[in-house]
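Student: I'm passing along protein-v6.cif; it holds mmCIF, C-alpha atoms.
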data_query
loop_
_atom_site.label_atom_id
_atom_site.label_comp_id
_atom_site.auth_asym_id
_atom_site.auth_seq_id
_atom_site.Cartn_x
_atom_site.Cartn_y
_atom_site.Cartn_z
CA MET A 1 117.74 83.68 77.12
CA GLU A 2 120.55 85.23 75.10
CA LEU A 3 123.78 86.87 76.08
CA SER A 4 125.92 89.27 74.08
CA ALA A 5 129.14 88.07 72.47
CA TYR A 6 131.15 89.93 75.09
CA ALA A 7 129.27 88.23 77.92
CA GLN A 8 129.58 84.84 76.28
CA GLY A 9 133.33 85.42 75.97
CA GLY A 10 133.51 86.16 79.67
CA TRP A 11 131.62 82.99 80.52
CA ARG A 12 133.91 80.91 78.34
CA LEU A 13 136.80 82.20 80.46
CA LEU A 14 134.84 81.42 83.59
CA GLY A 15 134.30 77.89 82.37
CA ASP A 16 138.04 77.32 81.84
CA PRO A 17 139.53 75.62 84.92
CA ARG A 18 143.01 76.84 83.95
CA ARG A 19 141.94 80.49 84.06
CA PHE A 20 139.42 80.04 86.85
CA PRO A 21 140.07 77.18 89.27
CA ARG A 22 137.19 76.02 91.46
CA ARG A 23 137.66 78.40 94.39
CA PRO A 24 138.06 81.61 92.38
CA TYR A 25 135.01 80.61 90.30
CA ALA A 26 132.86 80.31 93.43
CA ALA A 27 134.32 83.56 94.76
CA LEU A 28 133.55 85.40 91.53
CA LEU A 29 129.95 84.18 91.50
CA ARG A 30 129.51 85.45 95.05
CA ALA A 31 131.11 88.76 94.14
CA ALA A 32 128.87 89.21 91.11
CA PHE A 33 125.71 88.68 93.12
CA ARG A 34 126.86 90.86 95.99
CA SER A 35 127.93 93.68 93.72
CA LEU A 36 124.44 93.80 92.21
CA LEU A 37 122.47 93.36 95.39
CA ASP A 38 124.66 95.04 98.00
CA HIS A 39 127.12 97.54 96.59
CA PRO A 40 129.28 97.70 93.46
CA GLN A 41 132.65 96.90 95.07
CA ALA A 42 131.39 94.04 97.23
CA GLY A 43 133.24 90.76 97.13
CA LEU A 44 136.02 91.83 94.78
CA ASP A 45 138.54 91.89 97.61
CA ASP A 46 138.05 88.15 98.21
CA PRO A 47 141.53 86.60 98.65
CA ASP A 48 140.56 83.76 96.28
CA LEU A 49 140.47 86.29 93.44
CA LYS A 50 143.83 87.91 93.96
CA ASP A 51 145.69 85.68 91.53
CA ILE A 52 143.35 86.32 88.63
CA ASP A 53 144.52 88.74 85.93
CA PRO A 54 142.62 92.02 86.48
CA THR A 55 141.45 92.29 82.85
CA VAL A 56 140.15 88.73 82.92
CA LEU A 57 138.51 89.42 86.29
CA LYS A 58 136.77 92.49 84.93
CA HIS A 59 135.54 90.65 81.84
CA CYS A 60 134.24 87.70 83.82
CA HIS A 61 132.63 89.82 86.50
CA ALA A 62 130.76 91.75 83.81
CA ALA A 63 129.72 88.52 82.09
CA ALA A 64 128.39 87.04 85.32
CA ALA A 65 126.51 90.22 86.22
CA THR A 66 125.01 90.42 82.74
CA CYS A 67 123.79 86.85 82.96
CA ILE A 68 122.30 87.43 86.40
CA LEU A 69 120.46 90.56 85.29
CA GLU A 70 119.19 89.01 82.07
CA ALA A 71 117.92 85.93 83.89
CA GLY A 72 116.24 88.15 86.47
CA LYS A 73 114.66 90.41 83.87
CA GLN A 74 113.22 87.52 81.87
CA LYS A 75 112.31 85.55 85.01
CA ALA A 76 114.21 82.72 83.39
CA ASP A 77 113.87 79.20 84.77
CA ILE A 78 116.74 76.85 85.54
CA SER A 79 116.60 75.05 82.19
CA ALA A 80 116.82 78.32 80.23
CA ILE A 81 119.83 79.42 82.27
CA SER A 82 121.47 76.01 81.94
CA THR A 83 121.04 75.97 78.18
CA CYS A 84 122.54 79.42 77.94
CA LEU A 85 125.59 78.48 80.00
CA GLU A 86 126.03 75.16 78.17
CA ASP A 87 126.44 77.18 74.98
CA CYS A 88 129.38 78.87 76.66
CA LYS A 89 130.99 75.50 77.29
CA LEU A 90 130.53 75.42 81.04
CA ASP A 91 130.60 72.02 82.70
CA LYS A 92 127.58 70.69 84.62
CA GLU A 93 129.09 71.30 88.04
CA ARG A 94 129.79 74.96 87.36
CA ILE A 95 126.31 75.47 85.85
CA GLU A 96 124.77 73.91 88.94
CA GLN A 97 126.83 76.17 91.21
CA PHE A 98 125.56 79.23 89.36
CA CYS A 99 121.95 78.05 89.44
CA THR A 100 122.10 77.35 93.17
CA GLU A 101 123.50 80.80 93.86
CA TYR A 102 120.86 82.29 91.53
CA GLN A 103 117.99 80.54 93.34
CA LYS A 104 119.23 81.90 96.64
CA ASN A 105 119.22 85.47 95.36
CA LYS A 106 116.28 85.33 92.95
CA ASP A 107 113.75 87.13 95.16
CA ALA A 108 116.07 89.95 96.12
CA LEU A 109 117.00 90.38 92.48
CA GLU A 110 113.38 90.56 91.43
CA ILE A 111 112.66 93.24 94.01
CA LEU A 112 115.68 95.23 92.83
CA LEU A 113 114.69 95.06 89.17
CA GLY A 114 111.09 95.83 89.93
CA SER A 115 112.03 98.99 91.75
CA ILE A 116 113.84 100.49 88.78
CA GLY A 117 111.78 102.79 86.63
CA ARG A 118 109.59 105.85 86.65
CA SER A 119 106.37 106.08 88.52
CA PRO A 120 104.37 108.80 90.21
CA LEU A 121 105.36 109.75 93.74
CA HIS A 122 104.57 106.86 96.03
CA ILE A 123 102.57 107.42 99.21
CA THR A 124 104.18 105.57 102.07
CA ASP A 125 102.36 106.89 105.10
CA VAL A 126 99.95 109.51 106.39
CA SER A 127 99.89 111.66 109.48
CA TRP A 128 97.09 113.86 110.63
CA ARG A 129 96.35 116.59 113.13
CA LEU A 130 92.99 117.64 114.45
CA GLU A 131 92.60 121.21 115.62
CA TYR A 132 89.73 123.28 116.84
CA GLN A 133 89.89 126.79 115.48
CA ILE A 134 88.90 129.50 117.89
CA LYS A 135 89.85 132.75 116.26
CA SER A 136 92.22 134.49 113.91
CA ASN A 137 93.23 138.12 113.84
CA GLN A 138 90.76 138.63 111.01
CA LEU A 139 87.90 136.64 112.42
CA HIS A 140 86.86 135.79 115.94
CA LYS A 141 84.67 133.00 117.29
CA THR A 142 85.23 130.68 114.36
CA TYR A 143 84.74 127.49 116.45
CA GLN A 144 85.22 124.78 113.96
CA PRO A 145 87.28 121.61 113.75
CA SER A 146 89.91 121.39 111.07
CA TYR A 147 92.18 118.59 109.98
CA LEU A 148 95.72 118.88 108.73
CA VAL A 149 96.71 115.83 106.70
CA THR A 150 100.23 115.08 105.56
CA LEU A 151 100.93 112.36 103.02
CA ASN A 152 104.48 111.06 103.24
CA VAL A 153 105.72 110.43 99.73
CA GLU A 154 108.76 108.82 98.24
CA ASN A 155 110.35 109.12 94.88
CA GLY A 156 111.42 105.76 93.48
CA ASP A 157 114.89 106.96 92.56
CA SER A 158 115.89 109.57 95.06
CA GLY A 159 114.13 108.33 98.17
CA SER A 160 112.37 110.98 100.14
CA HIS A 161 110.59 113.98 98.75
CA PRO A 162 108.74 116.89 100.31
CA ASP A 163 105.47 115.66 101.75
CA VAL A 164 102.07 116.68 100.47
CA SER A 165 100.15 118.57 103.14
CA PHE A 166 96.68 120.00 103.06
CA SER A 167 93.94 121.08 105.38
CA CYS A 168 90.36 119.94 105.24
CA THR A 169 87.08 120.10 107.12
CA MET A 170 85.40 117.08 108.58
CA GLU A 171 83.10 116.78 105.57
CA GLN A 172 86.01 116.98 103.17
CA LEU A 173 87.90 114.30 105.09
CA GLN A 174 84.81 112.11 104.98
CA ASP A 175 84.72 112.61 101.22
CA LEU A 176 88.38 111.70 100.94
CA VAL A 177 88.05 108.57 103.06
CA GLY A 178 84.89 107.56 101.21
CA LYS A 179 86.69 107.72 97.89
CA LEU A 180 89.66 105.76 99.20
CA LYS A 181 87.28 103.10 100.48
CA ASP A 182 85.67 102.90 97.03
CA ALA A 183 89.11 102.30 95.55
CA ALA A 184 89.85 99.60 98.13
CA LYS A 185 86.54 97.86 97.45
CA SER A 186 87.24 97.94 93.72
CA LEU A 187 90.66 96.50 94.36
CA GLU A 188 89.17 93.68 96.40
CA ARG A 189 86.67 92.85 93.67
CA ALA A 190 89.41 92.92 91.03
CA THR A 191 91.58 90.48 92.94
CA GLN A 192 88.69 88.07 93.23
CA MET A 193 88.12 87.91 89.48
CA LEU B 1 71.13 162.78 96.66
CA LEU B 2 74.77 161.71 96.97
CA ARG B 3 75.83 164.46 94.55
CA GLN B 4 74.78 167.06 97.08
CA LEU B 5 77.34 165.81 99.60
CA ASN B 6 81.00 166.48 99.07
CA LYS B 7 83.41 163.78 98.05
CA GLU B 8 85.11 163.56 101.42
CA ALA B 9 81.88 163.10 103.31
CA VAL B 10 80.91 160.22 101.09
CA GLN B 11 84.31 158.61 101.49
CA HIS B 12 84.26 158.92 105.27
CA GLY B 13 80.74 157.59 105.31
CA VAL B 14 81.64 154.52 103.34
CA GLU B 15 84.76 153.90 105.39
CA GLY B 16 82.86 154.29 108.61
CA LEU B 17 80.14 151.93 107.50
CA THR B 18 82.67 149.39 106.30
CA TYR B 19 84.53 149.51 109.59
CA LEU B 20 81.33 149.17 111.59
CA LEU B 21 80.09 146.16 109.65
CA THR B 22 83.49 144.46 109.41
CA GLU B 23 84.35 144.81 113.09
CA SER B 24 80.90 143.73 114.19
CA SER B 25 81.01 140.69 111.92
CA LYS B 26 84.54 139.81 112.95
CA LEU B 27 83.64 139.83 116.63
CA MET B 28 80.26 138.26 115.96
CA ILE B 29 78.61 140.63 118.40
CA SER B 30 75.05 140.06 119.46
CA GLU B 31 72.12 142.21 118.33
CA ILE B 32 71.97 143.92 121.69
CA ASP B 33 75.66 144.72 121.73
CA PHE B 34 75.40 146.10 118.21
CA GLN B 35 72.49 148.33 119.13
CA ASP B 36 74.32 149.57 122.22
CA SER B 37 77.41 150.31 120.15
CA ILE B 38 75.65 152.48 117.58
CA HIS B 39 73.45 154.16 120.11
CA VAL B 40 76.29 156.50 121.04
CA LEU B 41 76.33 157.83 117.49
CA GLY B 42 73.03 159.52 118.18
CA PHE B 43 71.22 158.44 115.01
CA SER B 44 67.48 158.21 114.62
CA ASP B 45 65.67 155.02 115.61
CA GLU B 46 64.87 154.35 111.96
CA LEU B 47 68.53 154.60 110.97
CA ASN B 48 69.58 152.37 113.90
CA LYS B 49 67.09 149.74 112.83
CA LEU B 50 68.39 149.97 109.25
CA LEU B 51 71.98 149.55 110.38
CA LEU B 52 71.10 146.55 112.55
CA GLN B 53 69.32 144.89 109.63
CA LEU B 54 72.29 145.62 107.38
CA TYR B 55 74.56 143.94 109.93
CA LEU B 56 72.39 140.85 110.35
CA ASP B 57 71.82 140.39 106.63
CA ASN B 58 75.46 140.62 105.65
CA ARG B 59 77.23 139.18 108.65
CA LYS B 60 77.57 135.65 107.29
CA GLU B 61 78.98 136.72 103.95
CA ILE B 62 81.40 139.18 105.55
CA ARG B 63 82.66 136.47 107.89
CA ARG B 64 83.11 134.13 104.97
CA ILE B 65 85.26 136.69 103.19
CA LEU B 66 87.27 137.41 106.35
CA SER B 67 87.96 133.70 106.80
CA GLU B 68 89.81 133.72 103.48
CA LEU B 69 92.37 136.08 104.99
CA ALA B 70 93.58 133.69 107.69
CA PRO B 71 96.92 131.92 107.18
CA LYS B 72 96.32 128.58 105.62
CA LEU B 73 97.65 125.63 103.73
CA PRO B 74 96.36 124.24 100.50
CA SER B 75 92.97 122.76 101.19
CA TYR B 76 91.36 119.63 99.91
CA HIS B 77 89.09 119.98 96.95
CA SER B 78 88.52 116.49 95.60
CA LEU B 79 90.16 113.21 94.70
CA GLU B 80 90.06 110.87 91.72
CA TRP B 81 91.45 107.35 91.72
CA ARG B 82 92.34 104.63 89.28
CA LEU B 83 93.42 101.00 89.61
CA ASP B 84 96.44 99.89 87.65
CA VAL B 85 98.33 96.64 87.30
CA GLN B 86 101.91 96.89 86.17
CA LEU B 87 102.68 94.03 83.80
CA ALA B 88 106.25 94.74 82.73
CA SER B 89 108.99 97.33 82.65
CA ARG B 90 112.26 97.70 80.85
CA SER B 91 114.07 96.08 83.74
CA LEU B 92 111.59 93.35 84.70
CA ARG B 93 109.11 91.30 82.68
CA GLN B 94 106.11 89.23 83.71
CA GLN B 95 105.03 91.36 86.63
CA ILE B 96 101.67 91.58 88.35
CA GLU B 97 101.93 94.65 90.54
CA PRO B 98 98.61 96.26 91.51
CA ALA B 99 98.72 99.96 92.23
CA VAL B 100 96.24 102.70 93.01
CA THR B 101 96.86 105.98 91.20
CA ILE B 102 95.34 109.03 92.84
CA LYS B 103 94.80 112.54 91.54
CA LEU B 104 94.50 114.89 94.48
CA HIS B 105 92.92 118.27 93.74
CA LEU B 106 93.89 121.04 96.13
CA ASN B 107 92.93 124.71 96.38
CA GLN B 108 95.14 127.53 97.48
CA ASN B 109 94.13 131.15 97.21
CA GLU B 110 92.00 130.77 94.10
CA ASP B 111 94.54 128.46 92.40
CA GLN B 112 93.72 124.83 91.91
CA SER B 113 96.48 122.32 91.73
CA ALA B 114 96.45 118.60 91.04
CA ARG B 115 99.01 116.12 92.34
CA VAL B 116 99.29 112.67 90.86
CA LEU B 117 100.31 110.12 93.47
CA GLN B 118 100.43 106.37 93.67
CA THR B 119 100.20 103.77 96.37
CA ASP B 120 100.02 100.02 96.82
CA PRO B 121 97.05 98.06 98.17
CA SER B 122 98.35 97.54 101.69
CA THR B 123 99.32 101.18 102.12
CA LEU B 124 95.86 102.15 100.85
CA LEU B 125 94.24 100.10 103.60
CA HIS B 126 96.62 101.64 106.13
CA LEU B 127 95.71 105.16 104.95
CA ILE B 128 92.00 104.37 105.30
CA ARG B 129 92.47 103.01 108.83
CA GLN B 130 94.50 106.02 109.93
CA LEU B 131 92.10 108.60 108.48
CA GLU B 132 89.05 106.83 109.90
CA GLN B 133 90.70 107.09 113.28
CA ALA B 134 91.18 110.80 112.63
CA LEU B 135 87.48 111.20 111.84
CA GLY B 136 86.52 109.34 114.96
CA GLU B 137 88.41 111.73 117.19
CA MET B 138 85.77 114.47 117.11
CA LYS B 139 83.30 112.06 118.65
CA THR B 140 85.45 111.26 121.68
CA ASN B 141 84.51 112.60 125.09
CA HIS B 142 87.62 114.72 125.21
CA CYS B 143 86.81 116.60 122.03
CA ARG B 144 83.11 116.88 122.85
CA ARG B 145 83.93 118.44 126.20
CA ILE B 146 86.20 121.00 124.64
CA VAL B 147 83.69 121.95 121.94
CA ARG B 148 80.98 122.36 124.60
CA ASN B 149 83.14 124.55 126.79
CA MET B 150 84.45 126.73 124.01
CA LYS B 151 81.10 128.06 122.90
#
Would you write out, as structure tokens, the structure that this file holds?
Tutor:
Amino acid sequence: MELSAYAQGGWRLLGDPRRFPRRPYAALLRAAFRSLLDHPQAGLDDPDLKDIDPTVLKHCHAAAATCILEAGKQKADISAISTCLEDCKLDKERIEQFCTEYQKNKDALEILLGSIGRSPLHITDVSWRLEYQIKSNQLHKTYQPSYLVTLNVENGDSGSHPDVSFSCTMEQLQDLVGKLKDAAKSLERATQM
Amino acid sequence: LLRQLNKEAVQHGVEGLTYLLTESSKLMISEIDFQDSIHVLGFSDELNKLLLQLYLDNRKEIRRILSELAPKLPSYHSLEWRLDVQLASRSLRQQIEPAVTIKLHLNQNEDQSARVLQTDPSTLLHLIRQLEQALGEMKTNHCRRIVRNMK
């Protein structure tokens, strides 16, 4: 796992007890994780950080965030992370603190990273309506069942999106369900391989 | 023979015939009702029989055309599916994310459209369960009773 020169510089500062005593170090780690997983400003108002020079704080926060994201992206294990931080002259205790915090947040980080990217609209749910048509102004005595199906879809980036609605007859719905069941059976067979 | 009639007569004739057949088909009137309706026109028996046959022969097709005029949403045409496994992305490596990609073909007023959608395995099973429930509804006593009483 490699970090850029800028990030390594930030970590060297983080490893320096004169610039970053123990409590601010812990506070910065927490802030870095929270700002990635919760919202960008989270944790930066921690009182333990108020004595740190703002430029240094910015540099170190960026370095920590970069390391977290890179580790998450590569699915790096503890030894890879440790080696990387050793190269930045961090002592064992500080490396361990980071790794512990990383383990705690690993799953959430993975979910976050996995959700970034383009993909087709994602179906999240379906609703349906069954109606029995009696007549229209153009045609009387139609007497047939009809289904209205709405697929709720979500766009990965922007959340909700107009749903996909369509009508179908009973036969068409049977065709649709049949095909979905084929896909599900195929999926089951694939996972058993 | 048609050349001997004037233009207006032909036009009225066609319009009248169209109206007769369309209205009769729309209302789905019985043979007897149809015969009673045209009786007042005072045509010959032969012509009445011809008109009745014309009605019965074309009724289904006329109704099919009329059904296209009703307000409607896009309707289902067909569906294609594909299984995918996402292995990596720019932001995350070493993934194993199964997904089902679906191409849904819909019709609306002569136009066909295709929507590409995706879902995950558990949502797929949920969709199947929900839509099977939907299919089952027509077989319930409630729906059967209504269908019986509507005819």
Student: May I have a table of the residues of range 133-168 of chain A lying at most 6 Å from range 116-124 of chain A, giving each one's closest pair of atoms and their distance in Å to one decimal, counting only C-alpha atoms, ordered by chain and ascending residue number, as a tab-separated table?
Tutor:
residue	atom	partner	partner_atom	distance
A:Asn152	CA	A:Thr124	CA	5.6
A:Val153	CA	A:Ile123	CA	4.4
A:Glu154	CA	A:His122	CA	5.1
A:Asn155	CA	A:Leu121	CA	5.2
Student: Got a sec to resolve the PyMOL selection byres ((chain A) within 6 of (chain B)) on this structure and send the residues as a list in words?
Tutor: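 Selected by the PyMOL selection byres ((chain A) within 6 of (chain B)) in this file: Lys73, Gln74, Leu113, Gly114, Pro120, Leu121, His122, Ile123, Gln138, Leu139, His140, Phe166, Ser167 and Cys168 of chain A.
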Student: Quick one, how far is CA of Lys185 in chain A from CA of Ser146 in chain A?
Tutor: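 Separation between CA of Lys185 in chain A and CA of Ser146 in chain A: 27.4 Å.
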Student: Applying 7 Å and only C-alpha atoms, which residues near range 41-46 of chain A remain after dropping the ones on its own chain fewer than 4 positions away? List them as a ChimeraX atom specification.
Tutor: /A:27,30-31,34-35
Student: For C-alpha atoms, I'd like the residues from the last selection saved as a PDB file, keeping the file's coordinate frame.
Tutor:
ATOM      1  CA  ALA A  27     134.320  83.560  94.760  1.00  0.00           C
ATOM      2  CA  ARG A  30     129.510  85.450  95.050  1.00  0.00           C
ATOM      3  CA  ALA A  31     131.110  88.760  94.140  1.00  0.00           C
ATOM      4  CA  ARG A  34     126.860  90.860  95.990  1.00  0.00           C
ATOM      5  CA  SER A  35     127.930  93.680  93.720  1.00  0.00           C
TER       6      SER A  35
END
Student: Do you have the CA of Leu41 in chain B-CA of Asn137 in chain A distance handy?
Tutor: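 For CA of Leu41 in chain B relative to CA of Asn137 in chain A, the distance reads 26.2 Å.
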Student: Quick check, in Å to one decimal: how far apart do CA of Gln172 in chain A and CA of Thr150 in chain A lie?
Tutor: 14.5 Å
Student: Starting from the structure just given, write a file holding range 45-78 of chain B with N, CA and C atoms, as a compact mmCIF listing (two decimals), in the first residue's frame.
Tutor:
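Output file result-v4.txt is given in full below:
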# COMPACT_ATOMS: atom_id res chain seq x y z
N ASP B 45 -85.01 -8.24 -46.18
CA ASP B 45 -84.51 -9.32 -45.31
C ASP B 45 -83.09 -9.71 -45.67
N GLU B 46 -82.84 -9.77 -46.99
CA GLU B 46 -81.51 -10.17 -47.48
C GLU B 46 -80.45 -9.19 -46.99
N LEU B 47 -80.77 -7.90 -47.10
CA LEU B 47 -79.83 -6.86 -46.66
C LEU B 47 -79.61 -6.94 -45.15
N ASN B 48 -80.70 -7.15 -44.40
CA ASN B 48 -80.58 -7.28 -42.94
C ASN B 48 -79.67 -8.43 -42.56
N LYS B 49 -79.85 -9.55 -43.29
CA LYS B 49 -79.01 -10.71 -42.97
C LYS B 49 -77.55 -10.41 -43.25
N LEU B 50 -77.32 -9.68 -44.37
CA LEU B 50 -75.96 -9.29 -44.78
C LEU B 50 -75.31 -8.41 -43.72
N LEU B 51 -76.11 -7.44 -43.25
CA LEU B 51 -75.58 -6.51 -42.24
C LEU B 51 -75.24 -7.25 -40.94
N LEU B 52 -76.12 -8.16 -40.54
CA LEU B 52 -75.87 -8.94 -39.32
C LEU B 52 -74.57 -9.74 -39.45
N GLN B 53 -74.38 -10.36 -40.62
CA GLN B 53 -73.18 -11.16 -40.83
C GLN B 53 -71.94 -10.29 -40.78
N LEU B 54 -72.08 -9.11 -41.40
CA LEU B 54 -70.97 -8.14 -41.40
C LEU B 54 -70.58 -7.78 -39.97
N TYR B 55 -71.60 -7.55 -39.15
CA TYR B 55 -71.38 -7.21 -37.74
C TYR B 55 -70.66 -8.35 -37.02
N LEU B 56 -71.20 -9.56 -37.14
CA LEU B 56 -70.63 -10.69 -36.41
C LEU B 56 -69.21 -11.03 -36.86
N ASP B 57 -68.96 -10.88 -38.15
CA ASP B 57 -67.64 -11.22 -38.67
C ASP B 57 -66.56 -10.24 -38.21
N ASN B 58 -66.95 -8.98 -38.10
CA ASN B 58 -65.94 -7.94 -37.84
C ASN B 58 -65.90 -7.41 -36.41
N ARG B 59 -66.85 -7.87 -35.62
CA ARG B 59 -66.99 -7.34 -34.26
C ARG B 59 -65.69 -7.42 -33.45
N LYS B 60 -65.07 -8.60 -33.49
CA LYS B 60 -63.87 -8.82 -32.66
C LYS B 60 -62.75 -7.86 -33.04
N GLU B 61 -62.52 -7.74 -34.34
CA GLU B 61 -61.45 -6.88 -34.82
C GLU B 61 -61.71 -5.42 -34.49
N ILE B 62 -63.00 -5.00 -34.67
CA ILE B 62 -63.36 -3.62 -34.36
C ILE B 62 -63.14 -3.33 -32.88
N ARG B 63 -63.52 -4.26 -32.04
CA ARG B 63 -63.33 -4.08 -30.60
C ARG B 63 -61.85 -3.99 -30.25
N ARG B 64 -61.05 -4.79 -30.95
CA ARG B 64 -59.62 -4.76 -30.69
C ARG B 64 -59.06 -3.39 -31.02
N ILE B 65 -59.50 -2.83 -32.14
CA ILE B 65 -59.03 -1.50 -32.53
C ILE B 65 -59.51 -0.45 -31.53
N LEU B 66 -60.77 -0.56 -31.11
CA LEU B 66 -61.31 0.41 -30.16
C LEU B 66 -60.57 0.36 -28.83
N SER B 67 -60.11 -0.82 -28.45
CA SER B 67 -59.42 -0.94 -27.16
C SER B 67 -58.11 -0.18 -27.16
N GLU B 68 -57.55 0.06 -28.35
CA GLU B 68 -56.30 0.81 -28.43
C GLU B 68 -56.52 2.28 -28.07
N LEU B 69 -57.78 2.73 -28.13
CA LEU B 69 -58.05 4.15 -27.91
C LEU B 69 -58.17 4.51 -26.44
N ALA B 70 -58.31 3.50 -25.58
CA ALA B 70 -58.49 3.79 -24.15
C ALA B 70 -57.22 4.37 -23.56
N PRO B 71 -57.36 5.19 -22.49
CA PRO B 71 -56.15 5.74 -21.86
C PRO B 71 -55.33 4.60 -21.29
N LYS B 72 -54.06 4.63 -21.50
CA LYS B 72 -53.26 3.57 -20.91
C LYS B 72 -51.81 3.95 -20.72
N LEU B 73 -51.18 3.13 -19.91
CA LEU B 73 -49.77 3.28 -19.59
C LEU B 73 -48.97 2.40 -20.51
N PRO B 74 -47.67 2.57 -20.49
CA PRO B 74 -46.85 1.63 -21.24
C PRO B 74 -47.18 0.21 -20.79
N SER B 75 -47.21 -0.71 -21.73
CA SER B 75 -47.54 -2.07 -21.33
C SER B 75 -46.36 -2.99 -21.53
N TYR B 76 -46.38 -4.04 -20.77
CA TYR B 76 -45.28 -5.00 -20.78
C TYR B 76 -45.20 -5.71 -22.11
N HIS B 77 -43.97 -5.82 -22.62
CA HIS B 77 -43.81 -6.60 -23.84
C HIS B 77 -43.01 -7.86 -23.55
N SER B 78 -41.79 -7.67 -23.03
CA SER B 78 -40.99 -8.83 -22.65
C SER B 78 -39.85 -8.40 -21.75
